>>> print(open('upload.cif').read())   # mmCIF, N, CA, C and O atoms
data_target
loop_
_atom_site.label_atom_id
_atom_site.label_comp_id
_atom_site.auth_asym_id
_atom_site.auth_seq_id
_atom_site.Cartn_x
_atom_site.Cartn_y
_atom_site.Cartn_z
N VAL W 263 -1.79 -14.91 -11.87
CA VAL W 263 -2.20 -14.07 -12.97
C VAL W 263 -3.72 -14.03 -12.99
O VAL W 263 -4.38 -15.06 -12.98
N VAL W 264 -4.25 -12.81 -13.02
CA VAL W 264 -5.69 -12.60 -13.17
C VAL W 264 -5.89 -11.66 -14.34
O VAL W 264 -5.32 -10.57 -14.36
N LEU W 265 -6.67 -12.10 -15.32
CA LEU W 265 -6.95 -11.28 -16.50
C LEU W 265 -8.43 -10.98 -16.55
O LEU W 265 -9.25 -11.86 -16.31
N THR W 266 -8.78 -9.73 -16.86
CA THR W 266 -10.17 -9.30 -16.91
C THR W 266 -10.54 -8.92 -18.33
O THR W 266 -9.78 -8.23 -19.01
N PHE W 267 -11.70 -9.40 -18.77
CA PHE W 267 -12.22 -9.01 -20.07
C PHE W 267 -13.73 -9.13 -20.06
O PHE W 267 -14.31 -9.76 -19.18
N THR W 268 -14.37 -8.50 -21.03
CA THR W 268 -15.82 -8.51 -21.15
C THR W 268 -16.19 -8.99 -22.54
O THR W 268 -15.53 -8.64 -23.52
N THR W 269 -17.23 -9.80 -22.60
CA THR W 269 -17.73 -10.25 -23.89
C THR W 269 -19.24 -10.41 -23.82
O THR W 269 -19.78 -10.66 -22.74
N THR W 270 -19.88 -10.26 -24.94
CA THR W 270 -21.33 -10.48 -25.01
C THR W 270 -21.63 -11.80 -25.71
O THR W 270 -22.77 -12.22 -25.77
N GLN W 271 -20.59 -12.43 -26.24
CA GLN W 271 -20.75 -13.70 -26.95
C GLN W 271 -20.53 -14.87 -26.01
O GLN W 271 -19.73 -14.79 -25.07
N GLU W 272 -21.22 -15.96 -26.28
CA GLU W 272 -20.99 -17.19 -25.52
C GLU W 272 -19.64 -17.75 -25.92
O GLU W 272 -19.31 -17.84 -27.11
N ILE W 273 -18.85 -18.12 -24.94
CA ILE W 273 -17.53 -18.68 -25.20
C ILE W 273 -17.67 -20.19 -25.28
O ILE W 273 -18.07 -20.83 -24.31
N THR W 274 -17.34 -20.73 -26.44
CA THR W 274 -17.47 -22.17 -26.65
C THR W 274 -16.16 -22.83 -27.04
O THR W 274 -16.11 -24.03 -27.24
N SER W 275 -15.10 -22.02 -27.14
CA SER W 275 -13.81 -22.55 -27.58
C SER W 275 -12.69 -21.77 -26.90
O SER W 275 -12.82 -20.56 -26.66
N VAL W 276 -11.58 -22.43 -26.64
CA VAL W 276 -10.43 -21.76 -26.04
C VAL W 276 -9.88 -20.69 -26.97
O VAL W 276 -9.27 -19.71 -26.53
N ALA W 277 -10.14 -20.81 -28.26
CA ALA W 277 -9.69 -19.80 -29.23
C ALA W 277 -10.40 -18.46 -29.02
O ALA W 277 -9.93 -17.43 -29.47
N GLN W 278 -11.54 -18.46 -28.31
CA GLN W 278 -12.30 -17.24 -28.05
C GLN W 278 -11.93 -16.58 -26.72
O GLN W 278 -12.51 -15.56 -26.36
N THR W 279 -11.03 -17.18 -25.99
CA THR W 279 -10.74 -16.70 -24.65
C THR W 279 -9.24 -16.78 -24.36
O THR W 279 -8.42 -16.89 -25.26
N ILE W 280 -8.89 -16.75 -23.12
CA ILE W 280 -7.50 -16.77 -22.68
C ILE W 280 -7.05 -18.22 -22.51
O ILE W 280 -7.68 -18.98 -21.77
N ASN W 281 -5.99 -18.57 -23.19
CA ASN W 281 -5.44 -19.91 -23.06
C ASN W 281 -4.41 -19.88 -21.92
O ASN W 281 -3.32 -19.33 -22.08
N TYR W 282 -4.77 -20.45 -20.78
CA TYR W 282 -3.89 -20.37 -19.62
C TYR W 282 -2.64 -21.23 -19.75
O TYR W 282 -1.67 -21.00 -19.05
N ALA W 283 -2.64 -22.17 -20.67
CA ALA W 283 -1.39 -22.89 -20.96
C ALA W 283 -0.40 -21.92 -21.59
O ALA W 283 0.79 -21.91 -21.25
N ASP W 284 -0.90 -21.07 -22.49
CA ASP W 284 -0.04 -20.04 -23.09
C ASP W 284 0.45 -19.05 -22.04
O ASP W 284 1.61 -18.64 -22.04
N VAL W 285 -0.44 -18.67 -21.12
CA VAL W 285 -0.06 -17.75 -20.04
C VAL W 285 1.06 -18.36 -19.20
O VAL W 285 2.04 -17.69 -18.87
N PHE W 286 0.93 -19.64 -18.88
CA PHE W 286 1.95 -20.33 -18.10
C PHE W 286 3.30 -20.29 -18.81
O PHE W 286 4.33 -19.98 -18.21
N HIS W 287 3.30 -20.59 -20.11
CA HIS W 287 4.56 -20.59 -20.86
C HIS W 287 5.16 -19.19 -20.98
O HIS W 287 6.37 -19.02 -20.94
N MET W 288 4.29 -18.18 -21.09
CA MET W 288 4.78 -16.81 -21.13
C MET W 288 5.44 -16.44 -19.80
O MET W 288 6.51 -15.82 -19.77
N ALA W 289 4.80 -16.81 -18.71
CA ALA W 289 5.34 -16.52 -17.38
C ALA W 289 6.67 -17.24 -17.18
O ALA W 289 7.64 -16.67 -16.67
N GLN W 290 6.73 -18.48 -17.62
CA GLN W 290 7.98 -19.25 -17.52
C GLN W 290 9.11 -18.54 -18.26
O GLN W 290 10.22 -18.41 -17.74
N ALA W 291 8.83 -18.08 -19.47
CA ALA W 291 9.85 -17.42 -20.29
C ALA W 291 10.33 -16.12 -19.63
O ALA W 291 11.53 -15.84 -19.60
N VAL W 292 9.40 -15.35 -19.09
CA VAL W 292 9.77 -14.09 -18.42
C VAL W 292 10.63 -14.37 -17.19
O VAL W 292 11.65 -13.71 -16.96
N LEU W 293 10.26 -15.37 -16.42
CA LEU W 293 10.98 -15.66 -15.18
C LEU W 293 12.32 -16.36 -15.39
O LEU W 293 13.15 -16.40 -14.48
N GLN W 294 12.57 -16.87 -16.58
CA GLN W 294 13.86 -17.50 -16.87
C GLN W 294 14.97 -16.47 -17.09
O GLN W 294 16.14 -16.79 -16.99
N VAL W 295 14.58 -15.23 -17.39
CA VAL W 295 15.56 -14.17 -17.58
C VAL W 295 15.79 -13.48 -16.24
O VAL W 295 14.86 -12.94 -15.64
N ARG W 296 17.01 -13.53 -15.76
CA ARG W 296 17.33 -12.96 -14.44
C ARG W 296 17.15 -11.43 -14.46
O ARG W 296 17.68 -10.75 -15.32
N GLN W 297 16.39 -10.95 -13.50
CA GLN W 297 16.15 -9.51 -13.34
C GLN W 297 16.51 -9.11 -11.92
O GLN W 297 16.48 -9.93 -11.01
N GLN W 298 16.80 -7.85 -11.73
CA GLN W 298 17.10 -7.33 -10.39
C GLN W 298 15.84 -7.28 -9.52
O GLN W 298 15.91 -7.46 -8.31
N LEU W 299 14.69 -7.01 -10.15
CA LEU W 299 13.46 -6.79 -9.39
C LEU W 299 12.32 -7.68 -9.87
O LEU W 299 12.15 -7.89 -11.07
N LEU W 300 11.52 -8.14 -8.92
CA LEU W 300 10.31 -8.89 -9.26
C LEU W 300 9.34 -7.99 -10.04
O LEU W 300 8.61 -8.45 -10.92
N GLU W 301 9.35 -6.70 -9.71
CA GLU W 301 8.47 -5.74 -10.38
C GLU W 301 8.72 -5.73 -11.89
O GLU W 301 7.77 -5.64 -12.68
N THR W 302 9.98 -5.81 -12.28
CA THR W 302 10.33 -5.82 -13.70
C THR W 302 9.69 -7.02 -14.39
O THR W 302 9.10 -6.88 -15.47
N CYS W 303 9.78 -8.18 -13.77
CA CYS W 303 9.18 -9.39 -14.34
C CYS W 303 7.66 -9.25 -14.46
O CYS W 303 7.08 -9.59 -15.49
N ALA W 304 7.03 -8.74 -13.42
CA ALA W 304 5.57 -8.58 -13.42
C ALA W 304 5.13 -7.60 -14.51
O ALA W 304 4.16 -7.86 -15.23
N MET W 305 5.85 -6.51 -14.66
CA MET W 305 5.51 -5.51 -15.68
C MET W 305 5.71 -6.07 -17.09
O MET W 305 4.87 -5.86 -17.97
N GLN W 306 6.79 -6.79 -17.29
CA GLN W 306 7.04 -7.40 -18.60
C GLN W 306 5.96 -8.41 -18.95
O GLN W 306 5.47 -8.44 -20.08
N LEU W 307 5.56 -9.23 -17.98
CA LEU W 307 4.53 -10.22 -18.24
C LEU W 307 3.20 -9.55 -18.56
O LEU W 307 2.50 -9.99 -19.48
N CYS W 308 2.84 -8.50 -17.86
CA CYS W 308 1.60 -7.77 -18.16
C CYS W 308 1.61 -7.27 -19.61
O CYS W 308 0.61 -7.42 -20.32
N GLY W 309 2.70 -6.71 -20.04
CA GLY W 309 2.80 -6.22 -21.41
C GLY W 309 2.67 -7.34 -22.44
O GLY W 309 1.97 -7.20 -23.44
N GLN W 310 3.30 -8.46 -22.17
CA GLN W 310 3.21 -9.60 -23.08
C GLN W 310 1.80 -10.18 -23.11
O GLN W 310 1.33 -10.62 -24.17
N LEU W 311 1.14 -10.19 -21.96
CA LEU W 311 -0.23 -10.70 -21.91
C LEU W 311 -1.17 -9.85 -22.77
O LEU W 311 -2.02 -10.38 -23.48
N TYR W 312 -0.99 -8.54 -22.71
CA TYR W 312 -1.84 -7.67 -23.51
C TYR W 312 -1.57 -7.86 -25.01
O TYR W 312 -2.49 -7.84 -25.83
N LYS W 313 -0.31 -8.06 -25.36
CA LYS W 313 0.02 -8.31 -26.77
C LYS W 313 -0.63 -9.61 -27.25
O LYS W 313 -1.11 -9.70 -28.38
N ALA W 314 -0.63 -10.62 -26.41
CA ALA W 314 -1.19 -11.92 -26.78
C ALA W 314 -2.72 -11.93 -26.74
O ALA W 314 -3.36 -12.63 -27.52
N PHE W 315 -3.29 -11.15 -25.82
CA PHE W 315 -4.74 -11.12 -25.61
C PHE W 315 -5.21 -9.66 -25.59
O PHE W 315 -5.52 -9.12 -24.53
N PRO W 316 -5.27 -9.00 -26.75
CA PRO W 316 -5.57 -7.57 -26.78
C PRO W 316 -6.99 -7.20 -26.36
O PRO W 316 -7.31 -6.03 -26.26
N PHE W 317 -7.81 -8.18 -26.06
CA PHE W 317 -9.18 -7.93 -25.61
C PHE W 317 -9.28 -7.80 -24.09
O PHE W 317 -10.35 -7.50 -23.56
N ILE W 318 -8.16 -7.98 -23.37
CA ILE W 318 -8.23 -7.85 -21.91
C ILE W 318 -8.26 -6.38 -21.52
O ILE W 318 -7.70 -5.52 -22.19
N SER W 319 -8.95 -6.09 -20.43
CA SER W 319 -9.01 -4.72 -19.92
C SER W 319 -8.11 -4.52 -18.71
O SER W 319 -7.79 -3.40 -18.35
N LYS W 320 -7.70 -5.64 -18.08
CA LYS W 320 -6.85 -5.52 -16.90
C LYS W 320 -6.06 -6.81 -16.72
O LYS W 320 -6.57 -7.90 -16.97
N ALA W 321 -4.81 -6.67 -16.31
CA ALA W 321 -3.97 -7.81 -15.98
C ALA W 321 -3.36 -7.55 -14.61
O ALA W 321 -2.88 -6.46 -14.33
N ALA W 322 -3.42 -8.56 -13.76
CA ALA W 322 -2.78 -8.49 -12.44
C ALA W 322 -1.84 -9.69 -12.32
O ALA W 322 -2.26 -10.83 -12.53
N VAL W 323 -0.59 -9.42 -12.03
CA VAL W 323 0.42 -10.46 -11.91
C VAL W 323 1.02 -10.40 -10.52
O VAL W 323 1.51 -9.35 -10.09
N ALA W 324 0.99 -11.52 -9.82
CA ALA W 324 1.60 -11.62 -8.49
C ALA W 324 2.76 -12.61 -8.58
O ALA W 324 2.60 -13.69 -9.14
N ILE W 325 3.90 -12.20 -8.05
CA ILE W 325 5.08 -13.06 -8.03
C ILE W 325 5.62 -13.09 -6.61
O ILE W 325 5.76 -12.05 -5.97
N ARG W 326 5.92 -14.28 -6.14
CA ARG W 326 6.45 -14.45 -4.78
C ARG W 326 7.78 -15.17 -4.86
O ARG W 326 7.91 -16.16 -5.57
N LYS W 327 8.75 -14.66 -4.13
CA LYS W 327 10.06 -15.32 -4.01
C LYS W 327 10.07 -16.04 -2.67
O LYS W 327 10.03 -15.41 -1.61
N ALA W 328 10.09 -17.38 -2.72
CA ALA W 328 9.96 -18.19 -1.51
C ALA W 328 11.17 -18.06 -0.58
O ALA W 328 11.01 -18.09 0.65
N VAL W 329 12.35 -17.89 -1.15
CA VAL W 329 13.56 -17.78 -0.34
C VAL W 329 14.36 -16.58 -0.86
O VAL W 329 15.28 -16.73 -1.66
N PRO W 330 14.02 -15.39 -0.41
CA PRO W 330 14.74 -14.20 -0.89
C PRO W 330 16.14 -14.12 -0.28
O PRO W 330 16.38 -14.60 0.82
N PRO W 331 17.06 -13.50 -1.02
CA PRO W 331 18.44 -13.38 -0.52
C PRO W 331 18.58 -12.23 0.49
O PRO W 331 19.27 -11.24 0.25
N ILE W 332 17.91 -12.38 1.61
CA ILE W 332 17.96 -11.37 2.66
C ILE W 332 18.54 -12.03 3.91
O ILE W 332 17.94 -12.96 4.45
N PRO W 333 19.71 -11.56 4.36
CA PRO W 333 20.33 -12.17 5.55
C PRO W 333 19.42 -12.12 6.78
O PRO W 333 18.72 -11.13 7.02
N ALA W 334 19.40 -13.22 7.52
CA ALA W 334 18.65 -13.35 8.77
C ALA W 334 17.14 -13.16 8.59
O ALA W 334 16.43 -12.88 9.54
N PHE W 335 16.65 -13.33 7.37
CA PHE W 335 15.21 -13.20 7.11
C PHE W 335 14.64 -14.58 6.84
O PHE W 335 15.16 -15.34 6.02
N ASN W 336 13.57 -14.92 7.52
CA ASN W 336 12.92 -16.21 7.35
C ASN W 336 11.50 -15.96 6.88
O ASN W 336 10.63 -15.63 7.68
N GLY W 337 11.27 -16.08 5.59
CA GLY W 337 9.95 -15.84 5.04
C GLY W 337 10.04 -15.60 3.55
O GLY W 337 11.07 -15.85 2.94
N SER W 338 8.96 -15.13 2.98
CA SER W 338 8.94 -14.87 1.55
C SER W 338 8.62 -13.40 1.30
O SER W 338 8.15 -12.69 2.19
N VAL W 339 8.90 -12.96 0.09
CA VAL W 339 8.56 -11.61 -0.33
C VAL W 339 7.85 -11.71 -1.67
O VAL W 339 7.98 -12.70 -2.38
N GLY W 340 7.10 -10.70 -2.01
CA GLY W 340 6.41 -10.75 -3.28
C GLY W 340 5.95 -9.39 -3.73
O GLY W 340 6.07 -8.40 -3.02
N VAL W 341 5.41 -9.38 -4.94
CA VAL W 341 4.91 -8.17 -5.54
C VAL W 341 3.65 -8.52 -6.33
O VAL W 341 3.52 -9.62 -6.84
N CYS W 342 2.73 -7.57 -6.39
CA CYS W 342 1.56 -7.70 -7.25
C CYS W 342 1.47 -6.43 -8.08
O CYS W 342 1.43 -5.34 -7.52
N PHE W 343 1.47 -6.59 -9.39
CA PHE W 343 1.41 -5.46 -10.30
C PHE W 343 0.13 -5.57 -11.12
O PHE W 343 -0.17 -6.63 -11.67
N THR W 344 -0.63 -4.49 -11.19
CA THR W 344 -1.86 -4.45 -11.97
C THR W 344 -1.76 -3.37 -13.02
O THR W 344 -1.31 -2.26 -12.73
N GLN W 345 -2.17 -3.70 -14.23
CA GLN W 345 -2.13 -2.74 -15.33
C GLN W 345 -3.49 -2.77 -16.03
O GLN W 345 -4.05 -3.83 -16.31
N HIS W 346 -4.00 -1.57 -16.33
CA HIS W 346 -5.27 -1.42 -17.06
C HIS W 346 -4.96 -1.14 -18.53
O HIS W 346 -4.01 -0.43 -18.84
N PHE W 347 -5.80 -1.67 -19.40
CA PHE W 347 -5.62 -1.51 -20.84
C PHE W 347 -6.92 -1.03 -21.48
O PHE W 347 -8.00 -1.17 -20.91
N ASN W 348 -6.80 -0.50 -22.68
CA ASN W 348 -7.96 -0.20 -23.52
C ASN W 348 -8.15 -1.40 -24.43
O ASN W 348 -7.40 -1.55 -25.40
N PRO W 349 -9.10 -2.28 -24.09
CA PRO W 349 -9.24 -3.52 -24.87
C PRO W 349 -9.63 -3.25 -26.33
O PRO W 349 -10.35 -2.31 -26.63
N GLN W 350 -9.10 -4.10 -27.18
CA GLN W 350 -9.41 -4.03 -28.61
C GLN W 350 -10.27 -5.24 -28.97
O GLN W 350 -10.01 -6.34 -28.50
N SER W 351 -11.30 -5.03 -29.76
CA SER W 351 -12.18 -6.14 -30.11
C SER W 351 -11.67 -6.93 -31.27
O SER W 351 -10.80 -6.65 -31.95
#
>>> encode(input="upload.cif", output="structure tokens")
Amino acid sequence: VVLTFTTTQEITSVAQTINYADVFHMAQAVLQVRQQLLETCAMQLCGQLYKAFPFISKAAVAIRKAVPPIPAFNGSVGVCFTQHFNPQS
């Protein structure tokens, strides 16, 4: 997860920025719900991130499946979804 935002104020507290512990728990919750596509999970997480951190201007979520259910395939697959937002102050 990569989140982009701009500020002119000095950040001195986690309350003024992105709490990555919260991001981790949000990602965990999204990934616990079985979906057909990794893209669905990435898109849902981007939307939740913007709701939690409305000051972000961009969210990029990458998800990799280490052992995909593809016969005779040895490797991983993944997706990266990026969404731009109109940040709110």
>>> atom_distance(input="upload.cif", atom1="atom N of Ala304 of chain W", atom2="atom N of Val339 of chain W")
14.3 Å
>>> atom_distance(input="upload.cif", atom1="atom O of His346 of chain W", atom2="atom O of Lys327 of chain W")
26.8 Å
>>> residues_around(input="upload.cif", residues="Met305 of chain W", least_positions_apart="4", cutoff="8 Å", atoms="only C-alpha atoms", output="count of residues only")
3
>>> closest_residue(input="upload.cif", among="W:Met288, W:Gly337, W:Ile273, W:Ile318", to="Gln306 of chain W", atoms="all atoms listed in the file")
W:Met288
>>> residues_around(input="upload.cif", residues="Gln350 of chain W", least_positions_apart="6", cutoff="7 Å", atoms="only N, CA, C and O atoms", output="list in words")
Phe315, Pro316, Phe317 and Ile318 of chain W
>>> residues_around(input="upload.cif", residues="Phe347 of chain W", least_positions_apart="5", cutoff="6 Å", atoms="all atoms listed in the file", output="VMD selection string")
chain W and resid 318 to 321
